[in-house]
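Here is the file run25.tsv (TSV, C-alpha atoms and all ligand atoms).
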chain	number	residue	atom	x	y	z
A	1	MET	CA	6.29	-11.65	20.35
A	2	THR	CA	3.18	-11.72	18.17
A	3	LEU	CA	3.49	-12.10	14.42
A	4	LEU	CA	1.27	-9.64	12.56
A	5	ASP	CA	-0.29	-11.98	10.01
A	6	GLY	CA	-0.95	-9.77	6.98
A	7	LYS	CA	-1.99	-12.69	4.83
A	8	LYS	CA	-4.74	-13.76	7.21
A	9	THR	CA	-5.88	-10.16	7.83
A	10	SER	CA	-5.96	-9.54	4.08
A	11	GLU	CA	-8.08	-12.66	3.56
A	12	THR	CA	-10.48	-11.54	6.29
A	13	ILE	CA	-10.87	-8.09	4.71
A	14	GLN	CA	-11.33	-9.59	1.24
A	15	ASP	CA	-13.96	-12.01	2.61
A	16	GLU	CA	-15.81	-9.03	4.10
A	17	ILE	CA	-15.71	-7.25	0.74
A	18	ALA	CA	-16.78	-10.39	-1.16
A	19	ALA	CA	-19.81	-10.74	1.13
A	20	GLU	CA	-20.79	-7.15	0.38
A	21	VAL	CA	-20.36	-7.70	-3.37
A	22	ALA	CA	-22.57	-10.79	-3.18
A	23	GLU	CA	-25.23	-8.65	-1.49
A	24	ILE	CA	-24.94	-5.96	-4.16
A	25	LYS	CA	-25.29	-8.63	-6.85
A	26	ALA	CA	-28.30	-10.20	-5.15
A	27	LYS	CA	-30.01	-6.80	-5.15
A	28	GLY	CA	-29.21	-6.32	-8.85
A	29	GLY	CA	-26.76	-3.46	-8.17
A	30	LYS	CA	-23.66	-2.60	-10.14
A	31	VAL	CA	-20.66	-4.80	-9.48
A	32	PRO	CA	-17.50	-2.76	-8.62
A	33	HIS	CA	-15.01	-2.58	-11.49
A	34	LEU	CA	-11.27	-1.89	-11.16
A	35	ALA	CA	-9.05	-1.15	-14.16
A	36	ALA	CA	-5.24	-1.27	-14.06
A	37	ILE	CA	-2.72	0.25	-16.45
A	38	LEU	CA	0.62	-1.52	-16.65
A	39	VAL	CA	3.57	-0.13	-18.61
A	40	GLY	CA	6.51	-2.40	-19.48
A	41	ASN	CA	7.35	-5.82	-18.09
A	42	ASP	CA	9.23	-5.23	-14.84
A	43	GLY	CA	8.85	-8.55	-12.96
A	44	GLY	CA	7.66	-6.98	-9.72
A	45	SER	CA	5.09	-4.71	-11.36
A	46	VAL	CA	3.71	-7.53	-13.55
A	47	THR	CA	3.27	-9.75	-10.47
A	48	TYR	CA	1.64	-6.99	-8.42
A	49	VAL	CA	-0.83	-6.08	-11.18
A	50	ASN	CA	-1.68	-9.73	-11.90
A	51	ASN	CA	-2.34	-10.25	-8.20
A	52	LYS	CA	-4.66	-7.23	-8.18
A	53	VAL	CA	-6.63	-8.64	-11.13
A	54	LEU	CA	-6.78	-12.09	-9.48
A	55	ALA	CA	-8.07	-10.51	-6.26
A	56	CYS	CA	-10.84	-8.82	-8.27
A	57	GLU	CA	-11.89	-12.18	-9.72
A	58	ARG	CA	-11.81	-13.85	-6.33
A	59	ILE	CA	-14.07	-11.32	-4.62
A	60	GLY	CA	-16.44	-10.84	-7.52
A	61	PHE	CA	-15.32	-7.48	-8.91
A	62	GLY	CA	-15.13	-6.76	-12.61
A	63	SER	CA	-11.61	-5.91	-13.78
A	64	SER	CA	-9.69	-4.84	-16.85
A	65	LEU	CA	-5.97	-4.79	-17.47
A	66	VAL	CA	-4.51	-2.38	-20.01
A	67	SER	CA	-0.88	-3.23	-20.85
A	68	TYR	CA	1.62	-1.18	-22.84
A	69	GLU	CA	5.20	-1.74	-23.97
A	70	ASP	CA	7.70	0.41	-22.08
A	71	ASP	CA	8.14	2.73	-25.10
A	72	VAL	CA	4.51	3.88	-24.97
A	73	THR	CA	4.16	7.65	-25.32
A	74	GLU	CA	2.85	9.91	-22.58
A	75	GLU	CA	0.11	11.02	-24.97
A	76	VAL	CA	-1.22	7.49	-25.46
A	77	LEU	CA	-1.24	6.98	-21.71
A	78	LEU	CA	-3.01	10.28	-21.04
A	79	ASN	CA	-5.65	9.46	-23.68
A	80	LYS	CA	-6.31	6.09	-22.04
A	81	ILE	CA	-6.66	7.79	-18.67
A	82	GLN	CA	-9.18	10.22	-20.15
A	83	GLU	CA	-11.11	7.26	-21.57
A	84	LEU	CA	-11.18	5.49	-18.20
A	85	ASN	CA	-12.21	8.73	-16.45
A	86	GLU	CA	-15.24	8.89	-18.74
A	87	ASN	CA	-16.11	5.17	-18.72
A	88	ALA	CA	-19.09	4.76	-16.36
A	89	GLU	CA	-18.47	1.00	-16.07
A	90	VAL	CA	-15.07	1.65	-14.43
A	91	ASP	CA	-15.42	2.73	-10.78
A	92	GLY	CA	-11.74	3.11	-10.09
A	93	PHE	CA	-8.39	2.59	-11.76
A	94	ILE	CA	-4.69	2.61	-11.06
A	95	VAL	CA	-1.52	3.22	-13.02
A	96	GLN	CA	1.12	0.82	-11.70
A	97	LEU	CA	4.32	2.63	-10.67
A	98	PRO	CA	7.15	3.09	-11.41
A	99	LEU	CA	6.72	4.40	-14.95
A	100	PRO	CA	9.56	4.60	-17.52
A	101	LYS	CA	11.74	7.72	-17.24
A	102	HIS	CA	10.41	9.35	-20.43
A	103	ILE	CA	6.97	9.61	-18.85
A	104	ASP	CA	6.14	12.33	-16.33
A	105	ALA	CA	4.55	10.28	-13.53
A	106	ASN	CA	3.14	13.36	-11.78
A	107	LYS	CA	1.41	14.48	-14.96
A	108	VAL	CA	-0.07	11.00	-15.39
A	109	LEU	CA	-1.30	10.81	-11.79
A	110	GLU	CA	-2.82	14.30	-12.01
A	111	ALA	CA	-4.78	13.26	-15.10
A	112	ILE	CA	-6.73	10.66	-13.11
A	113	ASP	CA	-10.18	11.78	-11.96
A	114	PRO	CA	-9.74	12.03	-8.15
A	115	LYS	CA	-13.10	10.27	-7.73
A	116	LYS	CA	-11.65	7.21	-9.51
A	117	ASP	CA	-8.18	7.48	-7.94
A	118	VAL	CA	-8.40	4.35	-5.79
A	119	ASP	CA	-4.63	4.43	-5.20
A	120	GLY	CA	-5.04	7.78	-3.45
A	121	PHE	CA	-2.05	9.29	-5.30
A	122	HIS	CA	-3.79	12.32	-6.90
A	123	PRO	CA	-2.89	15.61	-5.18
A	124	THR	CA	-6.59	16.17	-4.45
A	125	ASN	CA	-6.73	12.94	-2.44
A	126	VAL	CA	-3.38	13.65	-0.77
A	127	GLY	CA	-4.63	17.12	0.20
A	128	ARG	CA	-7.96	15.77	1.45
A	129	MET	CA	-6.10	13.19	3.54
A	130	VAL	CA	-3.90	15.89	5.09
A	131	ALA	CA	-6.95	18.08	5.77
A	132	GLY	CA	-8.76	15.18	7.43
A	133	LEU	CA	-11.50	15.13	4.76
A	134	PRO	CA	-12.93	11.88	3.32
A	135	ALA	CA	-10.37	10.64	0.80
A	136	TYR	CA	-8.99	7.53	-0.80
A	137	LEU	CA	-6.05	6.59	1.39
A	138	PRO	CA	-3.06	4.98	-0.34
A	139	ALA	CA	-3.39	1.23	0.01
A	140	THR	CA	-0.15	0.36	1.83
A	141	PRO	CA	-0.50	2.93	4.66
A	142	ALA	CA	-4.22	2.07	4.88
A	143	GLY	CA	-3.27	-1.60	5.20
A	144	ILE	CA	-0.84	-0.84	8.03
A	145	LEU	CA	-3.60	1.08	9.86
A	146	GLN	CA	-5.84	-1.98	9.49
A	147	LEU	CA	-3.14	-4.23	10.99
A	148	LEU	CA	-2.71	-1.89	13.98
A	149	LYS	CA	-6.47	-1.68	14.43
A	150	ARG	CA	-7.31	-5.36	14.05
A	151	TYR	CA	-4.54	-6.39	16.46
A	152	GLU	CA	-5.74	-3.59	18.81
A	153	ILE	CA	-2.30	-2.06	19.11
A	154	GLU	CA	-2.19	1.13	21.20
A	155	THR	CA	-0.87	4.09	19.18
A	156	LYS	CA	-2.00	7.12	21.21
A	157	GLY	CA	0.94	9.00	22.68
A	158	LYS	CA	3.42	6.50	21.27
A	159	HIS	CA	6.56	7.51	19.44
A	160	CYS	CA	6.27	6.32	15.85
A	161	VAL	CA	9.42	6.44	13.75
A	162	VAL	CA	8.94	6.10	10.00
A	163	ILE	CA	12.00	5.37	7.83
A	164	GLY	CA	11.38	6.47	4.24
A	165	ARG	CA	9.55	9.49	2.83
A	166	SER	CA	8.07	8.16	-0.43
A	167	ASN	CA	4.75	9.50	-1.69
A	168	ILE	CA	3.40	5.94	-1.70
A	169	VAL	CA	4.25	4.88	1.87
A	170	GLY	CA	6.51	6.97	4.13
A	171	THR	CA	4.97	10.43	3.75
A	172	PRO	CA	1.28	9.41	3.97
A	173	MET	CA	2.08	6.94	6.76
A	174	SER	CA	3.71	9.61	8.89
A	175	ILE	CA	0.77	11.98	8.38
A	176	LEU	CA	-1.80	9.31	9.22
A	177	MET	CA	0.02	8.23	12.39
A	178	SER	CA	-0.09	11.81	13.68
A	179	LYS	CA	-3.84	12.31	13.04
A	180	CYS	CA	-6.26	12.62	15.92
A	181	THR	CA	-8.10	9.40	15.14
A	182	TYR	CA	-7.20	5.81	16.04
A	183	PRO	CA	-4.86	4.35	14.83
A	184	GLY	CA	-2.90	7.59	15.12
A	185	GLU	CA	-2.35	10.18	17.84
A	186	SER	CA	1.32	9.24	17.80
A	187	THR	CA	4.33	11.53	17.97
A	188	VAL	CA	6.01	10.98	14.61
A	189	THR	CA	9.62	11.18	13.48
A	190	ILE	CA	10.43	10.79	9.78
A	191	CYS	CA	13.89	9.46	8.92
A	192	HIS	CA	15.42	9.30	5.45
A	193	ARG	CA	18.73	9.04	3.61
A	194	ASN	CA	19.99	12.33	5.07
A	195	THR	CA	19.21	11.40	8.65
A	196	VAL	CA	22.29	11.56	10.87
A	197	ASP	CA	22.61	8.60	13.27
A	198	LEU	CA	19.55	6.64	12.19
A	199	ALA	CA	19.93	4.17	15.08
A	200	HIS	CA	19.63	7.02	17.61
A	201	HIS	CA	16.13	7.68	16.29
A	202	THR	CA	15.00	4.10	15.73
A	203	ARG	CA	15.99	3.09	19.27
A	204	GLN	CA	13.40	5.56	20.58
A	205	ALA	CA	10.58	4.09	18.52
A	206	ASP	CA	7.60	2.43	20.20
A	207	ILE	CA	6.34	1.81	16.67
A	208	LEU	CA	8.90	1.49	13.88
A	209	ILE	CA	7.70	1.53	10.27
A	210	VAL	CA	10.37	0.85	7.64
A	211	ALA	CA	9.74	1.52	3.95
A	212	VAL	CA	12.95	2.09	2.03
A	213	GLY	CA	13.71	-1.07	0.04
A	214	ARG	CA	17.11	-1.78	1.64
A	215	PRO	CA	17.21	-5.41	2.77
A	216	GLY	CA	18.32	-5.87	6.37
A	217	LEU	CA	18.74	-2.13	7.05
A	218	VAL	CA	17.24	-2.40	10.54
A	219	THR	CA	19.32	-4.61	12.83
A	220	ALA	CA	18.60	-5.78	16.39
A	221	ASP	CA	20.74	-3.07	18.01
A	222	MET	CA	18.54	-0.42	16.40
A	223	VAL	CA	15.29	-1.62	17.98
A	224	LYS	CA	13.93	-0.91	21.46
A	225	GLU	CA	12.80	-3.87	23.57
A	226	GLY	CA	9.02	-4.33	23.14
A	227	ALA	CA	8.72	-2.23	19.97
A	228	VAL	CA	6.11	-2.80	17.26
A	229	VAL	CA	7.98	-3.27	13.97
A	230	ILE	CA	6.28	-2.93	10.59
A	231	ASP	CA	8.42	-3.91	7.60
A	232	VAL	CA	7.22	-2.61	4.23
A	233	GLY	CA	10.35	-3.65	2.30
A	234	THR	CA	9.95	-6.30	-0.40
A	235	THR	CA	13.20	-6.45	-2.34
A	236	ARG	CA	13.81	-9.37	-4.70
A	237	VAL	CA	17.15	-10.99	-3.89
A	238	PRO	CA	18.68	-13.87	-5.91
A	239	ASP	CA	18.00	-17.34	-4.47
A	240	ALA	CA	19.11	-20.29	-6.59
A	241	THR	CA	17.15	-22.74	-4.41
A	242	ARG	CA	13.83	-21.23	-5.57
A	243	LYS	CA	12.10	-22.03	-8.85
A	244	SER	CA	11.57	-18.31	-9.41
A	245	GLY	CA	15.30	-17.65	-8.81
A	246	PHE	CA	14.61	-15.06	-6.14
A	247	ARG	CA	13.06	-14.51	-2.73
A	248	LEU	CA	11.63	-11.43	-1.07
A	249	ARG	CA	13.59	-9.73	1.68
A	250	GLY	CA	12.34	-7.04	4.00
A	251	ASP	CA	14.13	-3.96	5.32
A	252	VAL	CA	14.33	-5.55	8.78
A	253	ASP	CA	16.76	-8.28	9.84
A	254	PHE	CA	13.78	-10.35	10.99
A	255	ASP	CA	15.68	-13.32	12.47
A	256	ASN	CA	17.57	-11.14	14.95
A	257	VAL	CA	14.98	-8.40	15.51
A	258	ALA	CA	11.86	-10.54	16.11
A	259	ASP	CA	12.79	-11.59	19.68
A	260	LYS	CA	12.97	-7.96	20.83
A	261	CYS	CA	9.54	-7.01	19.50
A	262	SER	CA	6.06	-7.08	20.95
A	263	TYR	CA	4.69	-7.32	17.39
A	264	ILE	CA	6.41	-7.70	14.02
A	265	THR	CA	5.36	-8.24	10.39
A	266	PRO	CA	7.05	-11.01	8.39
A	267	VAL	CA	8.20	-10.61	4.77
A	268	PRO	CA	6.49	-12.04	2.79
A	269	GLY	CA	3.05	-12.33	4.36
A	270	GLY	CA	3.05	-9.07	6.29
A	271	VAL	CA	2.18	-5.70	4.78
A	272	GLY	CA	2.21	-6.85	1.11
A	273	PRO	CA	-1.09	-8.78	1.07
A	274	LEU	CA	-2.86	-5.89	2.82
A	275	THR	CA	-2.03	-3.48	0.01
A	276	ILE	CA	-4.23	-5.54	-2.30
A	277	ALA	CA	-7.05	-5.83	0.22
A	278	MET	CA	-7.12	-2.05	0.74
A	279	LEU	CA	-7.11	-1.37	-3.00
A	280	MET	CA	-10.20	-3.58	-3.20
A	281	ALA	CA	-11.74	-1.72	-0.26
A	282	ASN	CA	-11.13	1.61	-2.02
A	283	THR	CA	-12.69	0.28	-5.22
A	284	LEU	CA	-15.79	-0.82	-3.32
A	285	ARG	CA	-16.02	2.66	-1.76
A	286	ALA	CA	-15.66	4.20	-5.23
A	287	SER	CA	-18.49	2.09	-6.62
A	288	LYS	CA	-20.68	3.16	-3.71
A	289	ARG	CA	-19.66	6.83	-4.19
A	290	GLU	CA	-18.85	6.69	-0.49
A	291	VAL	CA	-15.91	9.10	-0.47
A	292	TYR	CA	-17.17	11.91	-2.68
B	301	LIG	N1	4.04	0.64	-6.98
B	301	LIG	C1	4.37	0.24	-5.73
B	301	LIG	N2	3.29	0.28	-4.92
B	301	LIG	C2	2.26	0.70	-5.67
B	301	LIG	C3	0.88	0.93	-5.40
B	301	LIG	O1	0.38	0.78	-4.27
B	301	LIG	N3	0.14	1.37	-6.46
B	301	LIG	C4	0.67	1.57	-7.70
B	301	LIG	N4	-0.14	2.01	-8.67
B	301	LIG	N5	1.94	1.37	-7.98
B	301	LIG	C5	2.74	0.93	-6.98
Written form, structure tokens:
Amino acid sequence: MTLLDGKKTSETIQDEIAAEVAEIKAKGGKVPHLAAILVGNDGGSVTYVNNKVLACERIGFGSSLVSYEDDVTEEVLLNKIQELNENAEVDGFIVQLPLPKHIDANKVLEAIDPKKDVDGFHPTNVGRMVAGLPAYLPATPAGILQLLKRYEIETKGKHCVVIGRSNIVGTPMSILMSKCTYPGESTVTICHRNTVDLAHHTRQADILIVAVGRPGLVTADMVKEGAVVIDVGTTRVPDATRKSGFRLRGDVDFDNVADKCSYITPVPGGVGPLTIAMLMANTLRASKREVY
């Protein structure tokens, strides 16, 4: 079994980006700038956004963080988005999800200029991805593609089973794995909460990608010998032995599943760190007007 080291792969990708930024700087070009909008103080979201800002600092990007209380109005948010759309200094920006219930997340995401939508959540980017046109790919699926590619994992003709159909991971992941470019060319099955006999499907997976946020959902009996298992779950579970009071748990029962796999991602240190690296990669592409 080979552990898919997302932390190391993320560092490699970020080093590659940092080298390119240093070159841009040396030539007197514009340094890429990422802005992030954070609403409320959900622990997970605060950590994720802070890590994104820290990554910007580390690789030499400019960054700005715009924070709001969780009672911010939709109007205030939409005005800020308009401002960022028009701000030439900002190459790309994200609105951290989830948003409070009184805000229409779809309306907010649609207000972002697709050219600055480095999360790849705007319907224009989703549509372009489906059509096989240049687009910003959502960071988590893009990170998983990088893992498959950099570990040279064969995907052509394989059966890829994706559990979860979210707009952020499951749906784009299943589309990308079916595309006619590497990593892709797989036969894809999408499973979700209405799937009857989940184990029947997962046991047929050569590549199993799990993104539902249910700790330990995938047990050893559900995995085929030699499968590639990608665990996107990062649920905070209480842990009194930690200073933080919690630890992260994946959707896969790693301790019992790992021995059956050819490759598997750990949690933490698997897919999570790649999400940040790919957001940085998208921001660099935005600053170079490389997508459109
Ligand atoms: N919430 C969970 N994942 C993501 C992500 O990749 N981007 C944003 N903006 N919010 C998220």
Select from chain A every residue with an atom at most 8 Å from any atom of ligand LIG 301 (chain B), then for each give the shortest pair of atoms and their distance in Å to one decimal, using all atoms listed in the file, rows by chain and rising number, as a Markdown table.
| residue | atom | partner | partner_atom | distance |
| --- | --- | --- | --- | --- |
| A:Ser45 | CA | B:LIG301 | N1 | 7.0 |
| A:Ile94 | CA | B:LIG301 | N4 | 5.2 |
| A:Val95 | CA | B:LIG301 | N4 | 4.7 |
| A:Gln96 | CA | B:LIG301 | N4 | 3.5 |
| A:Leu97 | CA | B:LIG301 | N5 | 3.8 |
| A:Pro98 | CA | B:LIG301 | N1 | 5.9 |
| A:Asp119 | CA | B:LIG301 | N3 | 5.8 |
| A:Pro138 | CA | B:LIG301 | O1 | 6.7 |
| A:Ala139 | CA | B:LIG301 | O1 | 5.7 |
| A:Thr140 | CA | B:LIG301 | O1 | 6.1 |
| A:Ile168 | CA | B:LIG301 | O1 | 6.5 |
| A:Thr275 | CA | B:LIG301 | O1 | 6.5 |
| A:Leu279 | CA | B:LIG301 | O1 | 7.9 |
Okay, now the selection with C-alpha atoms, as a short mmCIF file (atom, residue, chain, number, x, y, z; two decimals), in the coordinates of the input?
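Saved result, out-v7.cif, follows:
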data_model
loop_
_atom_site.label_atom_id
_atom_site.label_comp_id
_atom_site.auth_asym_id
_atom_site.auth_seq_id
_atom_site.Cartn_x
_atom_site.Cartn_y
_atom_site.Cartn_z
CA SER A 45 5.09 -4.71 -11.36
CA ILE A 94 -4.69 2.61 -11.06
CA VAL A 95 -1.52 3.22 -13.02
CA GLN A 96 1.12 0.82 -11.70
CA LEU A 97 4.32 2.63 -10.67
CA PRO A 98 7.15 3.09 -11.41
CA ASP A 119 -4.63 4.43 -5.20
CA PRO A 138 -3.06 4.98 -0.34
CA ALA A 139 -3.39 1.23 0.01
CA THR A 140 -0.15 0.36 1.83
CA ILE A 168 3.40 5.94 -1.70
CA THR A 275 -2.03 -3.48 0.01
CA LEU A 279 -7.11 -1.37 -3.00
#
inquiry  = Using all atoms listed in the file, which protein or nucleic acid residues come within 10 Å of range 185-191 of chain A? Drop anything in the same chain fewer than 5 positions from it, and give the result as an MDAnalysis selection string.
reply    = chainID A and resid 154:165 170:171 173:180 196:198 201:202 204:210
request  = Take CA of Val257 in chain A and CA of Lys224 in chain A and report the distance between them in Å, one decimal.
outcome  =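 The value is 9.6 Å.
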request  = Calculate how many Å separate CA of Ser244 in chain A from CA of Ser64 in chain A, rounding to one decimal.
outcome  =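 CA of Ser244 in chain A sits 26.2 Å away from CA of Ser64 in chain A.
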key: Nearby residues (only C-alpha atoms) at most 10 Å from Leu148 in chain A, same-chain spacing under 6 positions excluded, as a PyMOL selection string   = chain A and resi 4+154-155+182-184+228+230+263
